[in-house]
Amino acid sequence: MLSRVAESIFWMSRHIERAENIGRLIDVNIRLTLDVPMDIKLQWEPIINITGDKDLFFSKNDVADQDNVIDFLVFNRSYANSIITCVNNARENARSVRAVIPIEMWQCINEFYLFLVAPIATSEAISSPNSFFSKVKNYSQLFVGIAETIMPHDEGWHFLRIGRLLERSDKTSRILDVKYFIVLPRVDYVGSAYDNIHWAALLRSASALDMYRKHFHGTTPANILAFLFFDPDFPRSIKHCLRVCDASLHEISGTPMSGYANDAERRLGILRSEIEYSDVSDIMQCGLHEYIDSFQEKLNNVGNAISDTFFTAQPPTSMSIRKIYR
Amino acid sequence: MDFSSYCTESHYDEYFKSDGLPRPFISLFIDKIGKLSDKDILRRKDAAETALLQAGTTFSVYSGQQSQIDRIFPFDIIPRIIDTDDWDLINRGLKQRIYALNQFIGDIYNDQKIIIDKVIPEQIIKSAKSFRPQCVGLYPPKGIWCHVTGTDIVRHADGQLYVLEDNLRCPSGVSYVLENREVLKRTFPAIFQAMSVFPVDDYPNYLYEMLNNLAPENVDSPTIVVLTPGVYNSAYFEHSFLARQMGVQLVEGCDLIVIDDFVYMRTIYGFERVDVIYRRIDDDFIDPESFLKDSQLGIPGINEVYRSGRVALANALGTGIADDKAIYAYVPQIIKYYTGEDIIIPNVTTYLCSDEKQQKYVVENIGKLVVKSVNESGGYGMLIGPHATKQQQAIFKDKIKKDPRNYIAQPTLDLSCVPTIIENQYEPRHVDFRPYVLYGEDIWVMPGGLTRVALPKGSLVVNSSQGGGSKDTWVLRKPNKNEESAPDVIKTASQVGSCNA
């Protein structure tokens, strides 16, 4: 498989997953409005904070409210991580590999894009956000379904899976980070019903609430962290995402899971063992935000190693390169 | 919907003779299609168009910054039918022509005997923009330069076939031929079977074999790739279609890299050597080190690897010299020089504006002539005298005087017509024809080709960018004796309307 093709598939998948997760975040925050006490203003700033693009947002907006956050995170074409930019990128990636992906996959992404650029989209996102954001989620899930059911499970499919799961584990960690940024109005709110609503909202934004309830009763921060970080079976938990990612990398290289054949496998292996052999007490000891920060950095390194290993490999130094193009 | 109101006017019609009777080899088709109801034909027409859209047989049209529209090349379900005698002529004529042009290109970049023997004036070669000094002294694998050719052939009102244009660089359109055939076989299965038509489906196999034949001597199972400028090229569909049909990788310039005097492609498992490249990028863009410096599409250093024989390119670099339209005028002499034979399919009379006397004739008669720029194709840079305004004619007169070497002129041909469904009626529309020729171990002419049709009434411009569509082209096999006598009975029933009589 050509490096360019693998890279396009990887990013196509990653961008679709990213779009879905941004949609989930916004959706959950809107749901929160139904539960917060009347005297407390709903906070949109935490959502902006976890994107890591706070400065950019506030260079264009004075305050973070529902309308301008939605406009920024969904429809802003000049913002690199808005839903519309992600889907547009996914579409351009898909276009360049149209000959290798199922036609349904191209059609799905194309329809997703057309849905977002339709003149009615902006007003729908404001007036009926629930239906709008569930459509966003549905397109992404349709995309994954097509990959699972129609695409041959070859290298391309593995890169698609790796892109999706790297992105998902990053976003799950960011969803947890929301809690760090939410400022409770008074100290005695900690542990209150209001606090619990927040934790439940986090679970819901990862579509994890029902699954969580089967394992735990009551929403305690420790249990929620344990579930979203370390549950081996829940498909959005970080542990699960990394396991599957690792399996795909080894499928591509053909090496047994016990070892590594390239830097991507090595780095992911190190990160995976850390997650495999940690528990909530390690997170608490380190501090949630710090732990997540360090996790995201290591995850970025895995992403870079994948790129170096498969997409932008350089010829061995013994060979004389005339000129590397691009 | 029948042929009773069909009027061939004064044009040569591929279906009907001037007396209004169908040509003998067409009768069977007319009889069969006459038995289908209007509704049935229109239903089949819709199904064919849907099938082409689903197959993604599209070309790209851009509108604005964000949106790209994929359109199907308009397709008409009434095929152009070529009988055995015409095909025999085309087949022999193209083999002769491509053989001679290939000899010519090799000669021009090496010994230039044809100039020394004063068959072609040196000046015309020296002044050709398409002459590539980078190719001087080049000997491509097995001496073959033009591996894939699409020659445009037209029929004039006199009933004679002419070669209008040679396309020896990267001719496109063959994917439409294959897709059109797939669709039309499903549209008229019974008629198709009854007509005994040569298949075209094995083109990708022949193409693969031809490319395989080019591999460097010591390579047993060569790695072959198709090189495309990328998704935004209007022929991208064809590039990816051919790569899929041959089961080879479709690469872009950025996938290829020259290391240690070989060409490699970058794969997820490392660098894999590439032996043969079917390139669909023009000479100018293929190597920024040897050709256009700012090319973003090419592979730096590939020309050197190519010259040393470590990678093969199809077509060879430099072939554009043979489809310079001023050199076209010399093709009869070129054929005579390299084969000793007379040209089988004649050229269209061509006036070279670089010749003073001929230029005078062109300027005085511009209203009757078609003026073409020597290096352009696709219907660009040309003037159709009879359809042009005085002002447009004046502009071209001016252009000719400023840069005479860049212009040639030809009489306006009255292209032949084929019935075409226009708003649920059969109407005559002008067509041309582009068969594809592969030069591998032998020269092979695909028995079929792309028939392009000018859809606006009276239009002579068949290019897709300017309102052209396409038709399937059926080349008939030699008829069995039994079949020959069949059509007589139906002649009267299918005779065309009275305007001819």
# chains A, B, ... in the order shown; residues from 1 in each chain; ligands from 1
call {"tool": "closest_atom_pairs", "arguments": {"of": "chain A", "to": "chain B", "cutoff": "12 Å", "atoms": "only C-alpha atoms", "output": "Markdown table"}}
result
| residue | atom | partner | partner_atom | distance |
| --- | --- | --- | --- | --- |
| A:Met1 | CA | B:Thr267 | CA | 5.5 |
| A:Leu2 | CA | B:Thr267 | CA | 4.1 |
| A:Ser3 | CA | B:Thr267 | CA | 4.5 |
| A:Arg4 | CA | B:Asp255 | CA | 6.8 |
| A:Val5 | CA | B:Thr267 | CA | 8.8 |
| A:Ala6 | CA | B:Ile268 | CA | 7.3 |
| A:Glu7 | CA | B:Ile268 | CA | 9.3 |
| A:Arg77 | CA | B:Gln66 | CA | 11.0 |
| A:Thr85 | CA | B:Gln66 | CA | 11.6 |
| A:Asn88 | CA | B:Gln66 | CA | 9.3 |
| A:Asn89 | CA | B:Gln66 | CA | 11.7 |
| A:Arg91 | CA | B:Gln66 | CA | 11.4 |
| A:Glu92 | CA | B:Val231 | CA | 9.4 |
| A:Asn93 | CA | B:Val231 | CA | 10.3 |
| A:Ala94 | CA | B:Val231 | CA | 10.4 |
| A:Arg95 | CA | B:Val231 | CA | 7.1 |
| A:Ser96 | CA | B:Val231 | CA | 5.8 |
| A:Val97 | CA | B:Val231 | CA | 8.8 |
| A:Arg98 | CA | B:Ser240 | CA | 8.9 |
| A:Ala99 | CA | B:Ser240 | CA | 6.3 |
| A:Val100 | CA | B:Arg244 | CA | 9.1 |
| A:Ile103 | CA | B:Gln54 | CA | 9.3 |
| A:Glu104 | CA | B:Gln54 | CA | 11.0 |
| A:Trp106 | CA | B:Gly56 | CA | 11.6 |
| A:Gln107 | CA | B:Gln54 | CA | 11.1 |
| A:Asn110 | CA | B:Ser67 | CA | 11.0 |
| A:Tyr113 | CA | B:Ser67 | CA | 10.7 |
| A:Leu114 | CA | B:Ser67 | CA | 10.0 |
| A:Val117 | CA | B:Gln66 | CA | 10.1 |
| A:Glu155 | CA | B:Ile268 | CA | 9.2 |
| A:Gly156 | CA | B:Ile268 | CA | 10.4 |
| A:Phe159 | CA | B:Ile268 | CA | 10.5 |
| A:Leu249 | CA | B:Ile268 | CA | 11.5 |
| A:Ile252 | CA | B:Ile268 | CA | 9.0 |
| A:Ser253 | CA | B:Tyr269 | CA | 8.2 |
| A:Gly254 | CA | B:Tyr269 | CA | 11.0 |
| A:Ala261 | CA | B:Tyr269 | CA | 11.4 |
| A:Asn262 | CA | B:Tyr269 | CA | 10.7 |
| A:Ile306 | CA | B:Ile268 | CA | 10.1 |
| A:Ser307 | CA | B:Ile268 | CA | 9.9 |
| A:Asp308 | CA | B:Ile268 | CA | 10.1 |
| A:Thr309 | CA | B:Ile268 | CA | 7.6 |
| A:Phe310 | CA | B:Ile268 | CA | 4.6 |
| A:Phe311 | CA | B:Ile268 | CA | 6.5 |
| A:Thr312 | CA | B:Arg266 | CA | 8.1 |
| A:Ala313 | CA | B:Gly270 | CA | 7.0 |
| A:Gln314 | CA | B:Gly270 | CA | 8.5 |
| A:Pro315 | CA | B:Phe271 | CA | 7.3 |
| A:Pro316 | CA | B:Phe271 | CA | 9.6 |
| A:Thr317 | CA | B:Ile259 | CA | 10.8 |
| A:Ser318 | CA | B:Asp260 | CA | 9.7 |
| A:Met319 | CA | B:Asp260 | CA | 6.2 |
| A:Ser320 | CA | B:Asp260 | CA | 5.6 |
| A:Ile321 | CA | B:Ile259 | CA | 5.0 |
| A:Arg322 | CA | B:Val258 | CA | 6.3 |
| A:Lys323 | CA | B:Pro300 | CA | 6.9 |
| A:Ile324 | CA | B:Ile257 | CA | 6.9 |
| A:Tyr325 | CA | B:Cys254 | CA | 6.2 |
| A:Arg326 | CA | B:Cys254 | CA | 7.1 |
call {"tool": "residues_around", "arguments": {"residues": "Asp279 of chain A", "least_positions_apart": "4", "cutoff": "8 Å", "atoms": "only C-alpha atoms", "output": "ChimeraX atom specification"}}
result
/A:226,230,275,283
call {"tool": "write_last_selection", "arguments": {"atoms": "C-alpha atoms", "output": "PDB file, in the first residue's frame"}}
result
ATOM      1  CA  ALA A 226     -11.900   3.895  36.188  1.00  0.00           C
ATOM      2  CA  PHE A 230      -9.511   1.425  32.254  1.00  0.00           C
ATOM      3  CA  ILE A 275      -2.467   2.255  30.989  1.00  0.00           C
ATOM      4  CA  ILE A 283      -4.354   9.225  38.402  1.00  0.00           C
TER       5      ILE A 283
END
call {"tool": "select_by_dssp", "arguments": {"residues": "segment 136-318 of chain A", "states": "helix (DSSP H, G or I)", "output": "number ranges by chain"}}
result
A: 136-149, 155-181, 187-189, 193-205, 209-215, 221-230, 238-253, 263-276, 280-286, 288-311
call {"tool": "residues_around", "arguments": {"residues": "Glu427 of chain B", "least_positions_apart": "2", "cutoff": "10 Å", "atoms": "only C-alpha atoms", "output": "ChimeraX atom specification"}}
result
/B:3,5-8,417-425,429,455,457
call {"tool": "residues_around", "arguments": {"residues": "Leu166 of chain A", "least_positions_apart": "2", "cutoff": "8 Å", "atoms": "only C-alpha atoms", "output": "list of chain:residue names"}}
result
A:Arg14, A:Ile162, A:Gly163, A:Arg164, A:Arg168, A:Ser169, A:Asp170, A:Cys241, A:Leu242, A:Cys245, A:Leu299, A:Gly303
call {"tool": "select_by_dssp", "arguments": {"residues": "segment 245-366 of chain B", "states": "strand (DSSP E)", "output": "JSON list (two decimals) with C-alpha atoms, in the first residue's frame"}}
result
[["chain", "number", "residue", "atom", "x", "y", "z"],
["B", 249, "GLN", "CA", -0.91, 1.08, -8.27],
["B", 250, "LEU", "CA", -2.14, 4.55, -9.14],
["B", 251, "VAL", "CA", 0.61, 6.90, -8.03],
["B", 252, "GLU", "CA", 1.15, 10.64, -7.88],
["B", 256, "LEU", "CA", 7.80, 8.45, -6.40],
["B", 257, "ILE", "CA", 11.38, 9.27, -5.55],
["B", 258, "VAL", "CA", 14.69, 8.81, -7.28],
["B", 259, "ILE", "CA", 17.26, 7.06, -5.07],
["B", 262, "PHE", "CA", 16.41, 4.10, -9.65],
["B", 263, "VAL", "CA", 12.79, 5.14, -9.22],
["B", 264, "TYR", "CA", 11.06, 3.97, -6.06],
["B", 265, "MET", "CA", 7.58, 4.37, -4.69],
["B", 266, "ARG", "CA", 7.01, 5.06, -1.04],
["B", 267, "THR", "CA", 4.90, 2.34, 0.54],
["B", 270, "GLY", "CA", 9.41, 0.96, 2.64],
["B", 271, "PHE", "CA", 10.64, 1.82, -0.83],
["B", 272, "GLU", "CA", 9.61, -0.41, -3.70],
["B", 273, "ARG", "CA", 11.34, -0.17, -7.05],
["B", 276, "VAL", "CA", 7.47, 0.84, -15.86],
["B", 277, "ILE", "CA", 5.41, 4.01, -15.59],
["B", 278, "TYR", "CA", 2.32, 4.65, -17.67],
["B", 279, "ARG", "CA", 2.49, 8.37, -17.19],
["B", 312, "ALA", "CA", 10.53, 2.87, -18.79],
["B", 313, "LEU", "CA", 7.95, 5.53, -19.58],
["B", 314, "ALA", "CA", 4.91, 5.23, -21.78],
["B", 351, "TYR", "CA", -2.16, 25.14, -45.19],
["B", 352, "LEU", "CA", 0.96, 26.16, -43.29]]
call {"tool": "atom_distance", "arguments": {"atom1": "atom CA of Asp403 of chain B", "atom2": "atom CA of Asp324 of chain B"}}
result
14.9 Å
call {"tool": "atom_distance", "arguments": {"atom1": "atom CA of Ile101 of chain A", "atom2": "atom CA of Tyr176 of chain B"}}
result
21.6 Å
call {"tool": "residues_around", "arguments": {"residues": "segment 317-323 of chain B", "least_positions_apart": "3", "cutoff": "7 Å", "atoms": "only C-alpha atoms", "output": "PDB file with N, CA and C atoms, in the first residue's frame"}}
result
ATOM      1  N   LEU B 101       5.195   7.233 -37.864  1.00  0.00           N
ATOM      2  CA  LEU B 101       5.415   8.339 -36.926  1.00  0.00           C
ATOM      3  C   LEU B 101       6.421   7.951 -35.848  1.00  0.00           C
ATOM      4  N   ILE B 105       9.865   9.931 -35.054  1.00  0.00           N
ATOM      5  CA  ILE B 105      10.293  10.514 -33.770  1.00  0.00           C
ATOM      6  C   ILE B 105      11.715  10.050 -33.440  1.00  0.00           C
ATOM      7  N   SER B 130       7.274  21.839 -29.575  1.00  0.00           N
ATOM      8  CA  SER B 130       7.165  20.507 -28.977  1.00  0.00           C
ATOM      9  C   SER B 130       8.427  19.669 -29.175  1.00  0.00           C
ATOM     10  N   PHE B 131       9.429  20.243 -29.839  1.00  0.00           N
ATOM     11  CA  PHE B 131      10.701  19.528 -29.956  1.00  0.00           C
ATOM     12  C   PHE B 131      11.437  19.645 -28.625  1.00  0.00           C
ATOM     13  N   ARG B 132      11.840  18.497 -28.050  1.00  0.00           N
ATOM     14  CA  ARG B 132      12.477  18.506 -26.724  1.00  0.00           C
ATOM     15  C   ARG B 132      13.964  18.239 -26.854  1.00  0.00           C
ATOM     16  N   CYS B 135      15.560  15.255 -25.288  1.00  0.00           N
ATOM     17  CA  CYS B 135      15.383  13.892 -25.793  1.00  0.00           C
ATOM     18  C   CYS B 135      16.384  13.537 -26.894  1.00  0.00           C
ATOM     19  N   TRP B 145       8.377   4.740 -29.133  1.00  0.00           N
ATOM     20  CA  TRP B 145       8.125   6.058 -28.528  1.00  0.00           C
ATOM     21  C   TRP B 145       6.649   6.229 -28.206  1.00  0.00           C
ATOM     22  N   CYS B 146       5.818   6.000 -29.222  1.00  0.00           N
ATOM     23  CA  CYS B 146       4.393   6.290 -29.013  1.00  0.00           C
ATOM     24  C   CYS B 146       3.642   4.993 -28.721  1.00  0.00           C
ATOM     25  N   ASP B 166      -3.321  13.735 -34.900  1.00  0.00           N
ATOM     26  CA  ASP B 166      -2.639  12.649 -34.200  1.00  0.00           C
ATOM     27  C   ASP B 166      -2.478  13.065 -32.752  1.00  0.00           C
ATOM     28  N   ASN B 167      -2.787  12.164 -31.826  1.00  0.00           N
ATOM     29  CA  ASN B 167      -2.550  12.477 -30.419  1.00  0.00           C
ATOM     30  C   ASN B 167      -1.552  11.476 -29.869  1.00  0.00           C
ATOM     31  N   LEU B 168      -0.300  11.898 -29.742  1.00  0.00           N
ATOM     32  CA  LEU B 168       0.742  10.959 -29.337  1.00  0.00           C
ATOM     33  C   LEU B 168       1.305  11.263 -27.964  1.00  0.00           C
ATOM     34  N   ARG B 169       0.706  12.202 -27.270  1.00  0.00           N
ATOM     35  CA  ARG B 169       1.242  12.522 -25.932  1.00  0.00           C
ATOM     36  C   ARG B 169       0.562  11.645 -24.885  1.00  0.00           C
ATOM     37  N   ASP B 283       5.067  15.957 -20.579  1.00  0.00           N
ATOM     38  CA  ASP B 283       6.523  16.116 -20.530  1.00  0.00           C
ATOM     39  C   ASP B 283       6.954  17.275 -19.629  1.00  0.00           C
ATOM     40  N   ILE B 327       3.651  19.767 -38.487  1.00  0.00           N
ATOM     41  CA  ILE B 327       4.324  18.543 -38.928  1.00  0.00           C
ATOM     42  C   ILE B 327       3.316  17.544 -39.488  1.00  0.00           C
ATOM     43  N   TYR B 328       2.086  17.610 -38.928  1.00  0.00           N
ATOM     44  CA  TYR B 328       0.989  16.799 -39.452  1.00  0.00           C
ATOM     45  C   TYR B 328       0.888  16.922 -40.980  1.00  0.00           C
TER      46      TYR B 328
END
call {"tool": "closest_residue", "arguments": {"among": "A:Asn196, A:Asn61, A:Ser237, A:Asn130", "to": "Thr220 of chain A", "atoms": "only C-alpha atoms"}}
result
A:Asn196
call {"tool": "residues_around", "arguments": {"residues": "Met446 of chain B", "least_positions_apart": "3", "cutoff": "10 Å", "atoms": "only C-alpha atoms", "output": "list of chain:residue names"}}
result
B:Asn91, B:Val174, B:Phe198, B:Pro199, B:Val200, B:Asp201, B:Asp202, B:Tyr203, B:Tyr206, B:Pro435, B:Tyr436, B:Val437, B:Leu438, B:Ile443, B:Gly449, B:Val475
call {"tool": "residues_around", "arguments": {"residues": "Ile84 of chain A", "least_positions_apart": "3", "cutoff": "6 Å", "atoms": "only C-alpha atoms", "output": "NGL selection string"}}
result
:A and (74-75 or 87-88)
